[in-house]
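Q: Got a structure for you, query-v2.cif, holding mmCIF, C-alpha atoms.
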```cif
data_final
#
loop_
_atom_site.label_atom_id
_atom_site.label_comp_id
_atom_site.auth_asym_id
_atom_site.auth_seq_id
_atom_site.Cartn_x
_atom_site.Cartn_y
_atom_site.Cartn_z
CA MET A 125 185.72 63.44 214.70
CA THR A 126 185.86 60.11 213.00
CA GLU A 127 183.50 58.49 215.44
CA THR A 128 181.00 61.31 215.05
CA ASN A 129 181.02 60.99 211.28
CA ASN A 130 180.45 57.21 211.51
CA GLU A 131 177.53 57.70 213.80
CA LYS A 132 176.01 60.16 211.33
CA ILE A 133 176.46 57.75 208.44
CA ASN A 134 174.85 54.89 210.38
CA SER A 135 171.99 57.12 211.38
CA ASN A 136 171.40 58.15 207.75
CA ASN A 137 171.45 54.50 206.59
CA LYS A 138 168.85 53.55 209.20
CA ASN A 139 166.60 56.43 208.19
CA LYS A 140 166.93 55.45 204.49
CA GLN A 141 166.01 51.82 205.27
CA ASN A 142 162.97 53.02 207.20
CA ASP A 143 161.93 55.18 204.24
CA ASP A 144 162.23 52.19 201.78
CA ARG A 145 160.03 49.82 203.81
CA PRO A 146 156.65 51.27 202.71
CA GLU A 147 157.67 50.99 199.03
CA TYR A 148 158.84 47.44 199.56
CA PHE A 149 155.59 46.63 201.34
CA LYS A 150 153.58 47.99 198.39
CA LYS A 151 155.42 45.82 195.87
CA ARG A 152 155.37 42.61 197.89
CA VAL A 153 151.85 42.78 199.32
CA LEU A 154 149.56 45.30 197.65
CA VAL A 155 150.36 44.53 193.99
CA PRO A 156 149.83 40.73 194.30
CA SER A 157 146.66 41.38 196.26
CA ILE A 158 145.31 43.66 193.57
CA LEU A 159 146.23 41.14 190.85
CA ALA A 160 144.62 38.33 192.80
CA GLY A 161 141.47 40.39 193.21
CA ILE A 162 141.35 41.15 189.48
CA LEU A 163 141.85 37.49 188.60
CA LEU A 164 139.15 36.51 191.07
CA LEU A 165 136.71 38.97 189.54
CA LEU A 166 137.59 37.74 186.07
CA GLY A 167 137.07 34.15 187.19
CA ILE A 168 133.69 34.99 188.70
CA PHE A 169 132.70 36.84 185.52
CA ALA A 170 133.86 33.91 183.33
CA ALA A 171 131.96 31.43 185.49
CA ILE A 172 128.77 33.51 185.33
CA HIS A 173 129.24 34.09 181.60
CA SER A 174 129.78 30.37 180.89
CA THR A 175 126.61 29.59 182.81
CA PHE A 176 124.46 31.73 180.55
CA TYR A 177 126.44 31.65 177.29
CA GLN A 178 128.38 29.10 175.24
CA SER A 179 130.81 30.10 172.54
CA THR A 180 133.37 28.55 170.18
CA ASP A 181 135.83 29.72 167.57
CA ASP A 182 135.48 26.44 165.65
CA ALA A 183 132.69 27.80 163.45
CA PHE A 184 132.39 28.76 159.81
CA VAL A 185 129.90 30.16 157.35
CA GLU A 186 128.39 27.40 155.22
CA GLY A 187 126.36 27.40 151.99
CA ARG A 188 125.46 25.28 149.00
CA LEU A 189 127.97 24.98 146.17
CA ILE A 190 126.11 23.83 143.07
CA SER A 191 128.39 22.27 140.48
CA VAL A 192 127.44 22.91 136.85
CA ALA A 193 128.34 20.06 134.47
CA PRO A 194 127.22 19.18 130.92
CA ARG A 195 124.93 16.25 130.12
CA VAL A 196 126.28 16.00 126.57
CA SER A 197 129.77 16.37 125.14
CA GLY A 198 131.03 18.75 122.47
CA PRO A 199 132.84 22.04 121.87
CA VAL A 200 131.65 25.19 123.65
CA VAL A 201 130.44 27.75 121.09
CA LYS A 202 129.00 30.34 123.52
CA LEU A 203 130.12 31.39 126.99
CA LEU A 204 128.01 34.08 128.62
CA VAL A 205 129.31 34.31 132.21
CA ASP A 206 132.54 34.78 134.10
CA ASP A 207 133.67 34.44 137.72
CA ASN A 208 131.63 36.44 140.24
CA TYR A 209 128.78 37.10 137.80
CA ASP A 210 125.34 37.29 139.40
CA VAL A 211 122.91 34.96 137.64
CA LYS A 212 119.26 34.13 138.09
CA GLU A 213 117.69 30.70 137.90
CA GLY A 214 117.12 29.85 134.24
CA ASP A 215 119.76 32.21 132.81
CA LEU A 216 121.75 30.78 129.89
CA LEU A 217 125.33 30.11 131.01
CA LEU A 218 126.90 28.51 127.93
CA GLU A 219 126.05 26.58 124.78
CA ILE A 220 127.62 23.45 123.29
CA ASP A 221 127.74 23.04 119.49
CA PRO A 222 124.25 21.65 118.63
CA ASN A 223 124.92 20.57 115.01
CA ASP A 224 125.67 16.90 115.71
CA TYR A 225 122.63 16.60 117.96
CA GLU A 226 120.36 18.26 115.39
CA VAL A 227 121.51 15.68 112.80
CA LYS A 228 120.84 12.81 115.22
CA LEU A 229 117.37 14.20 115.88
CA HIS A 230 116.58 14.39 112.16
CA GLN A 231 117.82 10.83 111.64
CA ALA A 232 115.68 9.53 114.48
CA GLU A 233 112.63 11.38 113.19
CA ALA A 234 113.19 9.95 109.67
CA LYS A 235 113.40 6.39 111.00
CA LEU A 236 110.24 6.97 112.99
CA ALA A 237 108.38 8.27 109.94
CA GLU A 238 109.53 5.24 107.92
CA ALA A 239 108.32 2.85 110.62
CA LYS A 240 104.93 4.59 110.81
CA ALA A 241 104.57 4.32 107.01
CA GLN A 242 105.41 0.62 107.21
CA LEU A 243 102.80 0.23 109.92
CA LYS A 244 100.12 1.76 107.71
CA VAL A 245 100.97 -0.69 104.89
CA SER A 246 100.86 -3.62 107.31
CA GLN A 247 97.55 -2.44 108.72
CA LYS A 248 96.05 -2.27 105.22
CA ASP A 249 97.29 -5.80 104.54
CA VAL A 250 95.69 -6.96 107.76
CA GLU A 251 92.42 -5.28 106.85
CA MET A 252 92.44 -7.02 103.46
CA LYS A 253 93.35 -10.37 105.01
CA SER A 254 90.62 -9.91 107.61
CA SER A 255 88.09 -9.22 104.84
CA ASN A 256 89.24 -12.28 102.93
CA LEU A 257 89.09 -14.38 106.07
CA LYS A 258 85.56 -13.21 106.72
CA GLU A 259 84.60 -14.24 103.19
CA SER A 260 86.29 -17.61 103.65
CA TYR A 261 84.26 -18.20 106.80
CA GLU A 262 81.17 -17.45 104.77
CA ASP A 263 82.40 -19.93 102.12
CA ILE A 264 82.82 -22.57 104.79
CA THR A 265 79.28 -21.98 105.97
CA SER A 266 77.97 -22.19 102.40
CA THR A 267 79.98 -25.28 101.42
CA SER A 268 79.11 -26.94 104.70
CA SER A 269 75.43 -26.42 104.00
CA LYS A 270 75.83 -27.77 100.46
CA LEU A 271 77.81 -30.72 101.77
CA ASP A 272 75.08 -31.53 104.25
CA PHE A 273 72.46 -31.39 101.50
CA ALA A 274 74.62 -33.52 99.17
CA GLN A 275 75.11 -36.14 101.88
CA LYS A 276 71.38 -36.37 102.53
CA ASP A 277 70.63 -36.42 98.81
CA TYR A 278 73.18 -39.17 98.18
CA LYS A 279 71.78 -41.22 101.04
CA ARG A 280 68.27 -40.88 99.68
CA TYR A 281 69.28 -41.86 96.12
CA ASP A 282 71.42 -44.71 97.42
CA GLU A 283 68.40 -46.21 99.20
CA MET A 284 66.16 -45.58 96.19
CA TYR A 285 68.72 -47.08 93.83
CA LYS A 286 69.01 -50.19 95.98
CA SER A 287 65.20 -50.42 95.99
CA GLY A 288 65.10 -50.03 92.23
CA ILE A 289 63.10 -46.82 92.39
CA ALA A 290 65.94 -44.52 91.16
CA SER A 291 68.02 -44.97 88.07
CA LYS A 292 71.78 -45.51 88.11
CA GLN A 293 72.25 -42.14 86.44
CA GLU A 294 70.42 -40.41 89.27
CA TYR A 295 72.46 -42.35 91.79
CA ASP A 296 75.74 -41.41 90.00
CA ASN A 297 74.71 -37.75 89.85
CA SER A 298 74.06 -37.63 93.61
CA LYS A 299 77.37 -39.29 94.26
CA THR A 300 79.17 -36.79 92.02
CA HIS A 301 77.43 -33.87 93.79
CA LEU A 302 78.58 -35.28 97.14
CA THR A 303 82.17 -35.56 95.91
CA VAL A 304 82.14 -31.97 94.63
CA ALA A 305 80.56 -30.72 97.87
CA LYS A 306 83.27 -32.43 99.94
CA ALA A 307 86.00 -30.98 97.73
CA ASN A 308 84.49 -27.49 97.98
CA TYR A 309 84.17 -27.73 101.75
CA LYS A 310 87.76 -28.98 102.10
CA GLY A 311 89.03 -26.19 99.81
CA ALA A 312 87.15 -23.55 101.78
CA THR A 313 88.51 -24.95 105.04
CA GLU A 314 92.11 -25.02 103.82
CA LYS A 315 91.78 -21.51 102.39
CA THR A 316 90.48 -20.29 105.74
CA LYS A 317 93.40 -21.87 107.57
CA SER A 318 95.83 -20.28 105.13
CA LEU A 319 94.22 -16.85 105.44
CA LYS A 320 94.10 -17.15 109.23
CA SER A 321 97.79 -18.07 109.36
CA ALA A 322 98.65 -15.18 107.04
CA LEU A 323 96.56 -12.81 109.17
CA GLU A 324 98.32 -13.93 112.36
CA SER A 325 101.68 -13.44 110.65
CA HIS A 326 100.75 -9.92 109.54
CA GLN A 327 99.41 -9.14 113.01
CA ALA A 328 102.71 -10.26 114.51
CA LYS A 329 104.48 -8.03 112.03
CA ILE A 330 102.28 -5.13 113.09
CA ASP A 331 103.11 -5.81 116.76
CA ALA A 332 106.82 -5.80 115.88
CA VAL A 333 106.48 -2.55 113.92
CA GLU A 334 104.52 -0.94 116.78
CA ALA A 335 107.24 -1.98 119.22
CA GLU A 336 109.84 -0.54 116.84
CA ILE A 337 107.83 2.69 116.65
CA GLN A 338 107.82 2.93 120.45
CA ARG A 339 111.59 2.43 120.48
CA LEU A 340 112.09 5.05 117.77
CA GLU A 341 109.79 7.48 119.57
CA ALA A 342 112.00 7.05 122.64
CA GLU A 343 115.04 7.71 120.45
CA VAL A 344 113.45 10.88 119.12
CA GLU A 345 112.66 12.06 122.66
CA GLN A 346 116.22 11.29 123.74
CA ALA A 347 117.58 13.13 120.71
CA LYS A 348 115.40 16.13 121.61
CA LEU A 349 116.67 16.01 125.17
CA ASP A 350 120.30 15.78 124.02
CA LEU A 351 119.74 18.76 121.76
CA SER A 352 118.20 20.73 124.64
CA TYR A 353 121.15 19.78 126.86
CA THR A 354 123.49 21.72 124.55
CA LYS A 355 122.21 24.83 126.29
CA ILE A 356 123.19 24.91 129.96
CA TYR A 357 121.11 27.12 132.24
CA ALA A 358 121.64 28.27 135.82
CA PRO A 359 120.00 25.72 138.16
CA GLN A 360 119.60 28.34 140.91
CA SER A 361 120.13 32.03 141.46
CA GLY A 362 123.52 32.98 142.84
CA LYS A 363 127.04 33.99 141.92
CA VAL A 364 129.33 32.19 139.47
CA SER A 365 132.48 30.78 141.02
CA ALA A 366 135.40 28.54 140.01
CA ARG A 367 134.73 28.81 136.27
CA SER A 368 137.11 26.43 134.50
CA VAL A 369 135.72 26.40 130.95
CA GLU A 370 136.58 28.63 128.01
CA LYS A 371 134.92 29.15 124.66
CA GLY A 372 136.19 26.51 122.25
CA ASN A 373 136.92 23.91 124.94
CA TYR A 374 135.68 20.38 124.21
CA VAL A 375 133.76 19.34 127.31
CA GLN A 376 132.80 15.84 128.43
CA ILE A 377 129.67 14.58 130.15
CA GLY A 378 129.86 15.29 133.89
CA GLN A 379 132.94 17.54 133.62
CA PRO A 380 132.77 20.35 136.25
CA LEU A 381 132.56 23.67 134.42
CA MET A 382 131.74 26.14 137.19
CA GLN A 383 129.91 26.53 140.47
CA ILE A 384 126.85 28.53 141.43
CA VAL A 385 126.94 29.83 145.00
CA PRO A 386 123.42 30.80 146.22
CA LYS A 387 123.05 33.78 148.51
CA LYS A 388 121.50 31.75 151.32
CA VAL A 389 124.16 30.96 153.95
CA TRP A 390 124.21 29.77 157.54
CA VAL A 391 126.72 28.96 160.27
CA VAL A 392 127.97 25.55 161.36
CA ALA A 393 129.53 25.73 164.82
CA ASN A 394 131.37 22.74 166.25
CA PHE A 395 130.70 22.92 169.99
CA LYS A 396 132.34 20.62 172.50
CA GLU A 397 129.99 17.95 173.79
CA ILE A 398 130.20 19.40 177.30
CA GLN A 399 128.79 22.69 175.96
CA LEU A 400 125.55 21.10 174.74
CA THR A 401 124.02 20.39 178.16
CA HIS A 402 121.54 23.28 178.00
CA MET A 403 121.67 23.97 174.26
CA ASN A 404 118.44 23.55 172.28
CA PRO A 405 117.02 24.59 168.90
CA GLY A 406 115.46 28.04 168.89
CA GLN A 407 117.93 29.64 171.33
CA PRO A 408 119.21 33.10 170.28
CA VAL A 409 122.77 33.47 169.04
CA SER A 410 125.06 36.46 168.70
CA ILE A 411 127.26 35.95 165.64
CA LYS A 412 130.63 37.66 165.19
CA ILE A 413 132.21 37.40 161.75
CA ASP A 414 135.88 38.21 161.38
CA THR A 415 135.17 40.27 158.26
CA TYR A 416 132.90 42.60 160.25
CA PRO A 417 134.49 42.78 163.73
CA SER A 418 132.31 45.66 164.94
CA LYS A 419 129.02 44.03 163.91
CA ARG A 420 127.10 41.42 165.87
CA PHE A 421 124.59 39.53 163.74
CA LYS A 422 121.43 38.05 165.19
CA GLY A 423 120.78 34.35 164.73
CA ARG A 424 119.21 31.29 166.30
CA ILE A 425 119.96 27.60 166.56
CA GLU A 426 118.02 25.72 163.90
CA SER A 427 119.21 22.18 164.63
CA ILE A 428 121.84 20.08 166.37
CA GLN A 429 123.42 17.20 164.48
CA ARG A 430 122.55 13.71 165.71
CA ALA A 431 126.16 12.56 165.57
CA THR A 432 129.55 13.98 166.41
CA GLY A 433 131.79 15.32 163.68
CA ALA A 434 134.19 12.40 164.09
CA LYS A 435 131.37 9.84 163.80
CA SER A 436 130.08 11.52 160.63
CA SER A 437 133.48 11.61 158.95
CA LEU A 438 134.47 9.37 156.07
CA PHE A 439 136.68 7.28 158.35
CA PRO A 440 135.18 7.27 161.87
CA PRO A 441 137.54 6.32 164.71
CA GLU A 442 137.65 2.70 165.91
CA ASN A 443 137.87 3.11 169.66
CA ALA A 444 137.91 -0.65 170.24
CA VAL A 445 141.26 -1.01 168.45
CA GLY A 446 144.55 -0.32 170.25
CA SER A 447 144.99 1.91 173.31
CA TYR A 448 142.15 4.33 173.96
CA VAL A 449 142.68 8.02 174.69
CA LYS A 450 139.59 9.99 175.60
CA ILE A 451 139.10 13.09 173.46
CA VAL A 452 136.35 15.63 173.96
CA GLN A 453 134.17 15.34 170.88
CA ARG A 454 132.61 18.19 168.93
CA VAL A 455 129.06 18.24 167.62
CA PRO A 456 128.04 20.42 164.63
CA VAL A 457 125.27 22.91 165.38
CA LYS A 458 123.44 24.69 162.55
CA ILE A 459 122.78 28.39 163.17
CA VAL A 460 120.68 30.52 160.84
CA PHE A 461 120.67 34.31 160.54
CA GLU A 462 117.64 36.15 161.91
CA GLU A 463 118.24 39.38 160.00
CA ASP A 464 118.74 40.51 156.41
CA ILE A 465 122.40 40.02 155.49
CA SER A 466 122.08 40.69 151.75
CA LYS A 467 124.02 43.95 152.00
CA TYR A 468 126.99 42.17 153.61
CA ASN A 469 129.51 40.06 151.74
CA ILE A 470 129.13 36.90 153.80
CA VAL A 471 130.31 33.87 151.86
CA PRO A 472 130.90 30.18 152.70
CA GLY A 473 134.18 29.49 154.47
CA MET A 474 134.39 32.66 156.57
CA SER A 475 135.44 32.28 160.20
CA VAL A 476 132.76 32.92 162.81
CA VAL A 477 132.54 33.15 166.60
CA PRO A 478 128.95 32.44 167.73
CA LYS A 479 127.75 33.04 171.27
CA VAL A 480 124.63 31.09 172.28
CA LYS A 481 122.44 32.23 175.15
CA VAL A 482 121.59 28.93 176.83
CA LYS A 483 119.83 30.35 179.93
#
```
Do you think you could lay out the structure here as structure tokens?
A:
Amino acid sequence: MTETNNEKINSNNKNKQNDDRPEYFKKRVLVPSILAGILLLLGIFAAIHSTFYQSTDDAFVEGRLISVAPRVSGPVVKLLVDDNYDVKEGDLLLEIDPNDYEVKLHQAEAKLAEAKAQLKVSQKDVEMKSSNLKESYEDITSTSSKLDFAQKDYKRYDEMYKSGIASKQEYDNSKTHLTVAKANYKGATEKTKSLKSALESHQAKIDAVEAEIQRLEAEVEQAKLDLSYTKIYAPQSGKVSARSVEKGNYVQIGQPLMQIVPKKVWVVANFKEIQLTHMNPGQPVSIKIDTYPSKRFKGRIESIQRATGAKSSLFPPENAVGSYVKIVQRVPVKIVFEEDISKYNIVPGMSVVPKVKVK
């Protein structure tokens, strides 16, 4: 009986081992084969996909951030905007106390008016001196003519006196007339020189006053500009961001007060250099933004930067120094949207995954 039972047990064990072989065969052969087939298909798909498309997750939404800063200093008396306010170009953002700048403008205008009045007085003096100088030139002409006549007359009487034809009295009279004519001519000449010197002096004074007027006119214009700078307007349309000023704050020239973020945005994607082989401006791009995972935005490549990101950085690498390790470089590519995105909240800094169709 014992032997029979053992034979039955051995027979059952053999049958059980035979039944387990197909299951073992499935696990050791079929499953790896299926996995290998799936991986092969995925590899083929990835290879085909990489041939026609290039993508990167090193991409972000970019835009202009316009810093608003005052051009004059003073306390803020009006503040009309807050963070996330929509503003249009030319909207008044804030106002600095204008009183000091109004006073400076009035002072500059008063100095200018005083200089212009002084110029008028100097011009009248010059006109009078010019008239006197003209008269003195006429006196010179007249005295010169009289002197010439007196010289000829004296010469004639001198010869007649020596010949005994003219009396001594006539000779003395001609000599006296010559002396007076010389004195008159010399006086007229000296007066002309004096008037001419005075005229030149007054003309120089006028030139100085005119130069002073030009300087004061520039001061007035600068004072007007400074007064206008007390009102700060939006340089572009957009949304207010990073406002750091409050009403009553004393602000300095060039101090950042807030930023204006325009609505126009684009994408900067940093592709590896090996991905740029067939990439060119104008190629279509499918843009995925993390904020809208179910939406694919249409775009196109606008331009490719002419230098790598590392080369364009503030401190570019010095490959000639020390040991060199080759690193695949990335090149920034600018991608613009080809559809209206105004209804979406797409702002600078958002993460993006662009996919460029290169073939």
Q: Quick one: of A:Leu218, A:Val185, A:Ile398, A:Leu323, who's nearest to Ile470 (chain A), counting only C-alpha atoms?
A: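 Looking only at the distances to Ile470 (chain A), the closest residue turns out to be A:Val185.
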Q: Using all atoms listed in the file, which of the listed residues (A:Arg367, A:Lys244, A:Lys387, A:Lys306) sits closest to Arg188 (chain A)?
A: A:Lys387
Q: Which residues match the PyMOL selection byres ((chain A and resi 410-418) around 12) in the file above, as a ChimeraX atom specification?
A: /A:177-181,183-185,390-393,407-409,419-425,459-463,465,468-482
Q: Between CA of Glu226 (chain A) and CA of Gln242 (chain A), measure the distance and give it in Å to one decimal.
A: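 CA of Gln242 (chain A) lies at a distance of 24.5 Å from CA of Glu226 (chain A).
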Q: Which residues are near Thr316 (chain A)? Cut-off 8 Å, all atoms listed in the file, ignore same chain within fewer than 3 positions. Put them as a PyMOL selection string.
A: chain A and resi 257+260-261+312-313+319-320
Q: Next, dump the selected residues to file, keeping only C-alpha atoms, as a JSON list (two decimals), in the coordinates of the input.
A:
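File produced: selection_12.json:
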```
[["chain", "number", "residue", "atom", "x", "y", "z"],
["A", 257, "LEU", "CA", 89.09, -14.38, 106.07],
["A", 260, "SER", "CA", 86.29, -17.61, 103.65],
["A", 261, "TYR", "CA", 84.26, -18.20, 106.80],
["A", 312, "ALA", "CA", 87.15, -23.55, 101.78],
["A", 313, "THR", "CA", 88.51, -24.95, 105.04],
["A", 319, "LEU", "CA", 94.22, -16.85, 105.44],
["A", 320, "LYS", "CA", 94.10, -17.15, 109.23]]
```
Q: List the neighbours of Ser246 (chain A) out to 7 Å using all atoms listed in the file; skip same-chain residues closer than 3 positions along the sequence, and give me the result as a JSON list (two decimals) with C-alpha atoms, in the coordinates of the input.
A:
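To be explicit, this is the file written out as part.json:
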```json
[["chain", "number", "residue", "atom", "x", "y", "z"],
["A", 242, "GLN", "CA", 105.41, 0.62, 107.21],
["A", 243, "LEU", "CA", 102.80, 0.23, 109.92],
["A", 249, "ASP", "CA", 97.29, -5.80, 104.54],
["A", 250, "VAL", "CA", 95.69, -6.96, 107.76],
["A", 326, "HIS", "CA", 100.75, -9.92, 109.54],
["A", 330, "ILE", "CA", 102.28, -5.13, 113.09]]
```
Q: Convert the output of the PyMOL selection byres ((chain A and resi 263) around 12) on the shown file into explicit residues, formatted as a list in words.
A: Asn256, Leu257, Lys258, Glu259, Ser260, Tyr261, Glu262, Ile264, Thr265, Ser266, Thr267, Ser268, Ser269, Lys270, Leu271, Ala305, Asn308, Tyr309, Lys310, Gly311, Ala312, Thr313, Glu314, Lys315 and Thr316 of chain A
Q: For CA of Asp182 (chain A) and CA of Phe395 (chain A), determine how far apart the two atoms are, in Å to one decimal place.
A: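 CA of Phe395 (chain A) lies 7.4 Å from CA of Asp182 (chain A).
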Q: List the residues matched by the PyMOL selection byres ((chain A and resi 189) around 12) in the displayed structure as a ChimeraX atom specification, ordered by chain and then by residue number.
A: /A:186-188,190-192,359-366,380,382-389,471-473
Q: Taking into account only C-alpha atoms, which residue in the set A:Asn404, A:Thr432, A:Gln293, A:Asn223 is nearest to Ser197 (chain A)?
A: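 The closest residue to Ser197 (chain A) is A:Asn223.
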Q: Between A:Glu219, A:Ile162, A:Glu233, A:Lys450, single out the one closest to Arg339 (chain A), counting only C-alpha atoms.
A: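 Smallest separation from Arg339 (chain A) among the options: A:Glu233.
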Q: Which value, in Å to one decimal, gives the distance between CA of Gly198 (chain A) and CA of Tyr353 (chain A)?
A: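 Calculated distance between CA of Gly198 (chain A) and CA of Tyr353 (chain A) is 10.9 Å.
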Q: Can you list, as an NGL selection string, every protein, DNA or RNA residue that comes within 7 Å of Leu351 (chain A) when you count all atoms listed in the file, leaving out same-chain residues fewer than 4 positions away?
A: :A and (222 or 225-226 or 347)
Q: Nearest to Thr175 (chain A): which of A:Ser447, A:Thr401, A:Thr300, A:Ser325 is it, counting all atoms listed in the file?
A: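 Under the stated criterion, the closest residue is A:Thr401.
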Q: Could you check the closest approach to Lys483 (chain A) for each of A:Met403, A:Gly161, A:Ser291, A:Ile451 and tell me which residue wins, using only C-alpha atoms?
A: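 Between A:Met403, A:Gly161, A:Ser291, A:Ile451, the residue approaching Lys483 (chain A) most closely is A:Met403.
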Q: Mind checking which residues fall within 8 Å of Pro199 (chain A), counting all atoms listed in the file, ignoring those fewer than 3 positions away in the same chain, and posting them as a ChimeraX atom specification?
A: /A:220-221,371-375
Q: Report the centre and edge lengths, in Å to one decimal, of an axis-aligned box enclosing every atom of region 188-194 of chain A listed in the file, padded by 3 Å on each side, as JSON.
A:
```
{"center_x": 126.9, "center_y": 22.2, "center_z": 140.0, "size_x": 8.9, "size_y": 12.1, "size_z": 24.1}
```
